[in-house]
Structure formats: C-alpha cells, structure tokens
>>> print(open('my_file_33.txt').read())   # compact mmCIF, C-alpha atoms
# COMPACT_ATOMS: atom_id res chain seq x y z
CA MET A 57 138.83 102.84 127.30
CA ASP A 58 136.73 104.35 124.48
CA LEU A 59 132.98 103.82 124.18
CA GLY A 60 133.28 101.62 121.07
CA SER A 61 135.65 99.22 122.82
CA GLN A 62 133.43 99.00 125.89
CA ALA A 63 130.29 98.53 123.82
CA ALA A 64 131.91 95.73 121.80
CA GLY A 65 132.94 93.95 124.98
CA ILE A 66 129.56 94.18 126.63
CA GLY A 67 127.87 93.42 123.31
CA ALA A 68 129.59 90.04 123.39
CA LEU A 69 127.19 89.12 126.20
CA ALA A 70 124.12 89.70 124.02
CA ASP A 71 124.34 86.07 122.85
CA ASP A 72 122.41 83.85 125.29
CA THR A 73 124.95 81.01 125.30
CA ARG A 74 127.88 83.35 125.71
CA ARG A 75 126.21 85.20 128.56
CA ALA A 76 125.36 81.93 130.30
CA LEU A 77 128.98 80.79 129.97
CA TYR A 78 130.26 84.06 131.39
CA GLU A 79 127.87 83.90 134.34
CA TYR A 80 128.83 80.29 135.02
CA VAL A 81 132.60 80.89 134.88
CA VAL A 82 132.61 83.96 137.13
CA ALA A 83 130.39 82.21 139.68
CA GLN A 84 132.88 79.37 140.21
CA PRO A 85 135.43 79.49 143.03
CA ARG A 86 138.19 78.20 140.72
CA PRO A 87 139.08 78.54 137.02
CA VAL A 88 136.91 76.42 134.75
CA GLY A 89 137.90 74.03 131.95
CA ARG A 90 136.07 73.73 128.65
CA GLU A 91 134.73 70.26 129.41
CA GLN A 92 133.38 71.39 132.77
CA ALA A 93 131.64 74.39 131.24
CA ALA A 94 130.14 72.33 128.43
CA ALA A 95 128.80 69.74 130.85
CA ALA A 96 127.39 72.32 133.23
CA LEU A 97 125.46 74.14 130.51
CA GLY A 98 124.60 71.13 128.35
CA VAL A 99 126.22 72.75 125.29
CA ALA A 100 128.30 71.01 122.64
CA GLN A 101 131.99 71.46 123.41
CA HIS A 102 132.87 72.93 119.99
CA ASN A 103 130.31 75.70 120.64
CA VAL A 104 131.66 76.22 124.15
CA ASN A 105 135.21 76.55 122.83
CA PHE A 106 134.16 79.25 120.34
CA HIS A 107 132.18 81.29 122.86
CA LEU A 108 134.79 81.06 125.62
CA ASP A 109 137.53 82.25 123.29
CA ARG A 110 135.33 85.14 122.12
CA LEU A 111 134.87 86.18 125.75
CA VAL A 112 138.64 86.05 126.20
CA SER A 113 139.25 88.16 123.09
CA GLU A 114 136.89 90.84 124.44
CA GLY A 115 138.62 90.89 127.83
CA LEU A 116 135.65 89.51 129.74
CA LEU A 117 137.45 86.29 130.67
CA GLY A 118 141.09 85.51 131.37
CA VAL A 119 143.03 82.30 130.73
CA GLU A 120 145.52 80.23 132.65
CA TYR A 121 147.09 76.82 132.01
CA ARG A 122 147.36 74.14 134.66
CA ARG A 123 147.48 70.36 134.96
CA LEU A 124 144.27 69.38 136.68
CA SER A 125 145.79 66.13 137.92
CA GLY A 126 148.30 68.03 140.03
CA LYS A 127 151.10 65.88 138.63
CA SER A 128 154.23 67.24 137.00
CA GLY A 129 157.10 65.91 134.95
CA PRO A 130 157.11 63.36 132.09
CA GLY A 131 153.81 61.59 131.59
CA ALA A 132 151.80 64.20 133.48
CA GLY A 133 150.03 65.28 130.31
CA ARG A 134 149.48 68.67 128.78
CA PRO A 135 148.21 71.55 130.93
CA SER A 136 144.51 72.30 130.56
CA LYS A 137 143.26 75.67 129.37
CA LEU A 138 141.20 77.19 132.17
CA TYR A 139 138.97 80.25 132.19
CA ARG A 140 138.35 82.81 134.93
CA ARG A 141 136.98 86.33 135.25
CA GLY A 142 139.01 88.83 133.23
CA THR A 143 140.80 91.76 134.84
CA ARG A 144 139.41 94.31 132.39
CA GLU A 145 136.64 96.49 133.82
CA PHE A 146 133.63 97.63 131.81
CA VAL A 147 131.60 100.67 132.79
CA VAL A 148 129.35 102.14 130.13
CA SER A 149 127.42 105.26 131.07
CA LEU A 150 125.61 107.67 128.78
CA PRO A 151 126.35 110.46 129.32
CA PRO A 152 129.83 109.54 130.57
CA ARG A 153 130.46 109.56 134.32
CA ARG A 154 133.81 109.39 136.14
CA TYR A 155 132.92 108.55 139.72
CA ASP A 156 136.11 106.49 139.85
CA LEU A 157 138.12 109.67 139.30
CA VAL A 158 136.35 111.70 141.96
CA GLY A 159 136.62 108.71 144.31
CA ASP A 160 140.39 108.57 143.80
CA ILE A 161 140.69 112.29 144.48
CA LEU A 162 138.59 112.12 147.64
CA ALA A 163 140.44 109.06 148.96
CA ALA A 164 143.85 110.61 148.34
CA ALA A 165 142.73 113.87 149.96
CA VAL A 166 141.44 112.07 153.07
CA THR A 167 144.75 110.21 153.33
CA ARG A 168 146.64 113.49 153.10
CA ALA A 169 144.33 115.08 155.67
CA ALA A 170 145.05 112.21 158.07
CA GLU A 171 148.70 113.23 157.83
CA GLY A 172 147.86 116.74 159.04
CA VAL A 173 146.99 118.71 155.91
CA PRO A 174 143.68 120.61 156.24
CA LEU A 175 141.05 118.77 154.21
CA PRO A 176 140.05 121.71 151.95
CA GLN A 177 143.73 122.26 151.08
CA ALA A 178 144.22 118.53 150.48
CA LEU A 179 141.26 118.39 148.11
CA HIS A 180 142.53 121.40 146.19
CA GLU A 181 146.04 119.98 145.89
CA VAL A 182 145.07 116.43 144.97
CA ALA A 183 142.51 117.45 142.33
CA ARG A 184 145.00 119.79 140.70
CA GLU A 185 147.78 117.19 140.79
CA GLU A 186 145.45 114.61 139.24
CA GLY A 187 144.59 117.06 136.45
CA ARG A 188 148.27 117.82 135.84
CA ALA A 189 148.98 114.11 135.54
CA VAL A 190 146.20 113.67 132.96
CA GLY A 191 147.31 116.71 130.97
CA GLY A 192 150.96 115.76 131.14
CA ALA A 193 150.25 112.25 129.84
CA ALA A 194 148.28 113.44 126.79
CA ASP A 195 149.88 112.60 123.43
CA GLY A 196 149.51 114.56 120.21
CA VAL A 197 148.02 117.63 121.87
CA HIS A 198 149.66 120.99 121.14
CA ALA A 199 149.63 123.83 123.69
CA ARG A 200 149.99 126.41 120.91
CA GLU A 201 146.19 126.18 120.60
CA PRO A 202 145.45 126.15 124.33
CA LEU A 203 141.65 126.02 124.34
CA ALA A 204 141.59 123.29 121.69
CA ALA A 205 144.21 121.33 123.65
CA VAL A 206 142.28 121.58 126.90
CA ALA A 207 139.04 120.62 125.14
CA MET A 208 140.63 117.57 123.55
CA VAL A 209 141.95 116.21 126.83
CA LEU A 210 138.76 116.95 128.77
CA GLY A 211 136.84 115.16 126.03
CA SER A 212 138.81 112.01 126.87
CA GLN A 213 137.62 112.35 130.48
CA GLY A 214 133.91 112.46 129.67
CA TYR A 215 133.24 116.21 129.76
CA GLU A 216 131.83 116.61 126.20
CA PRO A 217 133.53 119.98 125.60
CA HIS A 218 133.16 122.54 122.86
CA ILE A 219 134.62 126.00 122.35
CA GLU A 220 132.11 128.81 122.53
CA ALA A 221 132.68 132.56 122.84
CA GLY A 222 136.36 132.15 123.71
CA ALA A 223 135.83 129.51 126.38
CA VAL A 224 135.80 125.74 126.71
CA VAL A 225 132.20 124.93 127.67
CA LEU A 226 131.54 121.49 129.13
CA ASN A 227 128.20 119.97 128.20
CA ASN A 228 128.53 117.06 130.62
CA CYS A 229 129.59 116.85 134.25
CA PRO A 230 131.35 113.51 134.83
CA PHE A 231 130.51 113.82 138.54
CA ASP A 232 126.84 114.75 138.05
CA SER A 233 124.98 112.98 140.87
CA LEU A 234 127.67 113.85 143.43
CA ALA A 235 127.74 117.45 142.25
CA ARG A 236 123.98 117.72 142.76
CA LYS A 237 124.24 116.48 146.35
CA HIS A 238 127.53 118.12 147.35
CA THR A 239 127.76 121.06 144.98
CA THR A 240 130.37 123.23 146.68
CA LEU A 241 132.73 120.36 147.39
CA VAL A 242 132.53 118.58 144.03
CA CYS A 243 132.40 121.68 141.84
CA GLY A 244 135.46 123.02 143.63
CA LEU A 245 137.56 119.93 143.03
CA ASN A 246 136.19 119.79 139.47
CA ARG A 247 137.51 123.30 138.83
CA ASP A 248 140.87 122.37 140.35
CA PHE A 249 141.06 119.23 138.18
CA VAL A 250 140.35 121.20 134.98
CA GLN A 251 142.95 123.81 135.99
CA GLY A 252 145.44 121.03 136.56
CA VAL A 253 144.77 119.61 133.09
CA ALA A 254 145.58 123.00 131.55
CA GLU A 255 148.77 123.25 133.59
CA GLY A 256 149.80 119.70 132.71
CA LEU A 257 149.41 120.56 129.02
CA GLY A 258 151.56 123.66 129.45
CA CYS A 259 148.61 125.95 128.69
CA GLY A 260 149.59 128.59 131.22
CA THR A 261 147.18 131.19 129.83
CA VAL A 262 144.10 129.05 130.47
CA SER A 263 142.14 129.58 133.67
CA ALA A 264 139.36 127.32 134.96
CA CYS A 265 136.48 129.06 136.70
CA LEU A 266 133.05 128.29 138.12
CA ASP A 267 130.34 129.57 135.77
CA PRO A 268 127.32 127.29 136.19
CA GLU A 269 124.54 127.13 133.62
CA PRO A 270 121.51 124.83 133.45
CA ASP A 271 122.28 121.33 132.08
CA ARG A 272 126.02 121.98 131.81
CA CYS A 273 129.09 121.37 133.91
CA CYS A 274 129.69 124.20 136.38
CA VAL A 275 133.27 124.73 135.12
CA LYS A 276 134.50 126.65 132.08
CA ALA A 277 138.05 127.26 130.90
CA ARG A 278 139.02 130.64 129.44
CA ILE A 279 142.12 132.43 128.23
CA GLU A 280 143.24 134.88 130.91
CA ASP A 281 143.25 138.53 129.90
>>> encode(input="my_file_33.txt", output="structure tokens")
Amino acid sequence: MDLGSQAAGIGALADDTRRALYEYVVAQPRPVGREQAAAALGVAQHNVNFHLDRLVSEGLLGVEYRRLSGKSGPGAGRPSKLYRRGTREFVVSLPPRRYDLVGDILAAAVTRAAEGVPLPQALHEVAREEGRAVGGAADGVHAREPLAAVAMVLGSQGYEPHIEAGAVVLNNCPFDSLARKHTTLVCGLNRDFVQGVAEGLGCGTVSACLDPEPDRCCVKARIED
C-alpha cells in the first residue's frame, strides 16, 4: 500500500464525528446498524450514513447485510446494512519500516529450524527466498538495467534507494530498531533479502554486500566485476 493511500485512509479519521463513529463501531462485539450508531453518538442519522460510508470507502470499516429480526422468507423485511471493523491494515511510518517483513522471515526460519535445519542456514535461506519472491512479482521492471531495477523494487519495500558510484545505496533501513539491537542477525538477513530481490529480477550480475555507513542501511548492491 503506498503512502498516499494510507494517509488518505487515516486522514478520514481527522473528522471528530467520523473518528467517534469508527471508535464506537470497532468497540462493539457485533456489527452495528446505522440507527444504533446514530443513537449511541447522538448524531443525526443522515450525517451518520455519510460518515459511515466514507469510512467504508477508505477501507476502515467493512459492511455486511443481515436481517436483525432473525426471520427469513416472505415478510421478513429487507436485510439491514451493518458495519464492522475493516480488514485493511494501516501502518504509516516515516521513514518507512517493515517489521512485518522481518517478522515473517524470522517466524519462517524458526519453523524451518524446528524441522532440523540449523537456524543460521534457515535465516539465510528464508530471507533470500522472500527477496526472490518480491523480485519475481515485480511488474514493469527491466533487468537490462540491473541497478535501476533493483533500486525500483527496493524502493517499494521502504529502503529509499539511489544509485551512487556504481552501487545501489539505501538511505533507509526498514528494520532500523531491530538492526540496532541485533546488528549481526538483522543485517545478515537484510543482505540476503536484497540479494534475493536481485535474483528474483533476473539481475544475476548484482551482488548485495554489507558496507555500513552512518545514517544509512548497512547493505549496498553492486555490479560484480
């Protein structure tokens, strides 16, 4: 999800009435009807209808239809439109962070280690496989310009890359706080992930390496000599 889309969704909660409606709906144990929400907040129903539908359009709330009477068949009436928490997740971080990604890699590696693979090997394999999957799924990226291709895909993952002196330099580490606490572990899987992205793109001449500098990601990607 791009930053603009996330910001628009969260920005929908800047309105006091809309935010109060969202907080009320997600706090209920069951989906909420318009009349119930209007009564609970003391807001005119036409205003409630507008704000609830705006929250739905931004992905903050979901909708389902159900007859509240529990009856079915002729004469049971029309199903009511009910609102519940949406399934879309919003995480806005500046600079971008991807703790979900490193969490997935660590969890998959622990699972593989429980099956008998040494943990360092499992981390290496899973991070590289995850990178290959990301690179392989990229659309409109051409491996004939390998550094530009790698930079474009890493940009979509929060790295803030640019090409400098024949290398992809990453201005942001998406795993920053973890990398500060567990540098060897996290920087190693970071390097493996970036290498996997290059491989998934078919950029076989690109090599990821550890080359830490202050205020930058510890990984760079270069063309092999």
>>> residues_around(input="my_file_33.txt", residues="Val242 in chain A", least_positions_apart="4", cutoff="12 Å", atoms="all atoms listed in the file", output="PyMOL selection string")
chain A and resi 155+157-159+161-162+176+179-180+183+229-238+246-249+266+273-275
>>> atom_distance(input="my_file_33.txt", atom1="CA of Asp160 in chain A", atom2="CA of Thr240 in chain A")
18.0 Å
>>> closest_residue(input="my_file_33.txt", among="A:Ala189, A:Val253, A:Ala169, A:Val81", to="Arg140 in chain A", atoms="all atoms listed in the file")
A:Val81
>>> residues_around(input="my_file_33.txt", residues="range 90-94 of chain A", least_positions_apart="2", cutoff="8 Å", atoms="all atoms listed in the file", output="ChimeraX atom specification")
/A:77,80-81,88,96-101,104-105,137-139
>>> closest_residue(input="my_file_33.txt", among="A:Arg200, A:Leu108, A:Asp156, A:Pro87", to="Glu120 in chain A", atoms="all atoms listed in the file")
A:Pro87
>>> closest_residue(input="my_file_33.txt", among="A:Arg86, A:His218, A:Arg144, A:Arg123", to="Ala204 in chain A", atoms="all atoms listed in the file")
A:His218
>>> decode(input="my_file_33.txt", residues="range 167-182 of chain A", atoms="N, CA and C atoms", output="CSV table (one decimal), in the first residue's frame")
chain,number,residue,atom,x,y,z
A,167,THR,N,10.5,-21.9,12.2
A,167,THR,CA,9.7,-23.1,11.8
A,167,THR,C,10.6,-24.1,11.1
A,168,ARG,N,11.4,-23.6,10.2
A,168,ARG,CA,12.3,-24.5,9.5
A,168,ARG,C,13.4,-25.1,10.4
A,169,ALA,N,13.8,-24.3,11.4
A,169,ALA,CA,14.8,-24.8,12.3
A,169,ALA,C,14.2,-25.9,13.2
A,170,ALA,N,12.9,-25.7,13.5
A,170,ALA,CA,12.3,-26.8,14.3
A,170,ALA,C,12.2,-28.1,13.6
A,171,GLU,N,12.3,-28.0,12.2
A,171,GLU,CA,12.3,-29.3,11.4
A,171,GLU,C,13.7,-29.8,11.2
A,172,GLY,N,14.7,-29.2,11.8
A,172,GLY,CA,16.1,-29.8,11.8
A,172,GLY,C,17.1,-29.0,11.0
A,173,VAL,N,16.7,-27.9,10.4
A,173,VAL,CA,17.7,-27.1,9.6
A,173,VAL,C,18.4,-26.1,10.6
A,174,PRO,N,19.7,-26.0,10.6
A,174,PRO,CA,20.4,-25.1,11.5
A,174,PRO,C,19.8,-23.7,11.3
A,175,LEU,N,19.6,-23.0,12.5
A,175,LEU,CA,18.9,-21.7,12.4
A,175,LEU,C,19.7,-20.7,11.5
A,176,PRO,N,21.0,-20.5,11.6
A,176,PRO,CA,21.6,-19.6,10.7
A,176,PRO,C,21.4,-19.9,9.2
A,177,GLN,N,21.4,-21.2,8.8
A,177,GLN,CA,21.1,-21.6,7.5
A,177,GLN,C,19.6,-21.3,7.1
A,178,ALA,N,18.7,-21.5,8.1
A,178,ALA,CA,17.3,-21.3,7.8
A,178,ALA,C,17.1,-19.8,7.6
A,179,LEU,N,17.7,-18.9,8.4
A,179,LEU,CA,17.5,-17.5,8.2
A,179,LEU,C,18.1,-17.1,6.8
A,180,HIS,N,19.2,-17.5,6.4
A,180,HIS,CA,19.8,-17.2,5.1
A,180,HIS,C,18.8,-17.7,4.0
A,181,GLU,N,18.4,-18.9,4.1
A,181,GLU,CA,17.5,-19.4,3.0
A,181,GLU,C,16.2,-18.7,2.9
A,182,VAL,N,15.5,-18.4,4.1
A,182,VAL,CA,14.2,-17.8,4.1
A,182,VAL,C,14.3,-16.4,3.6
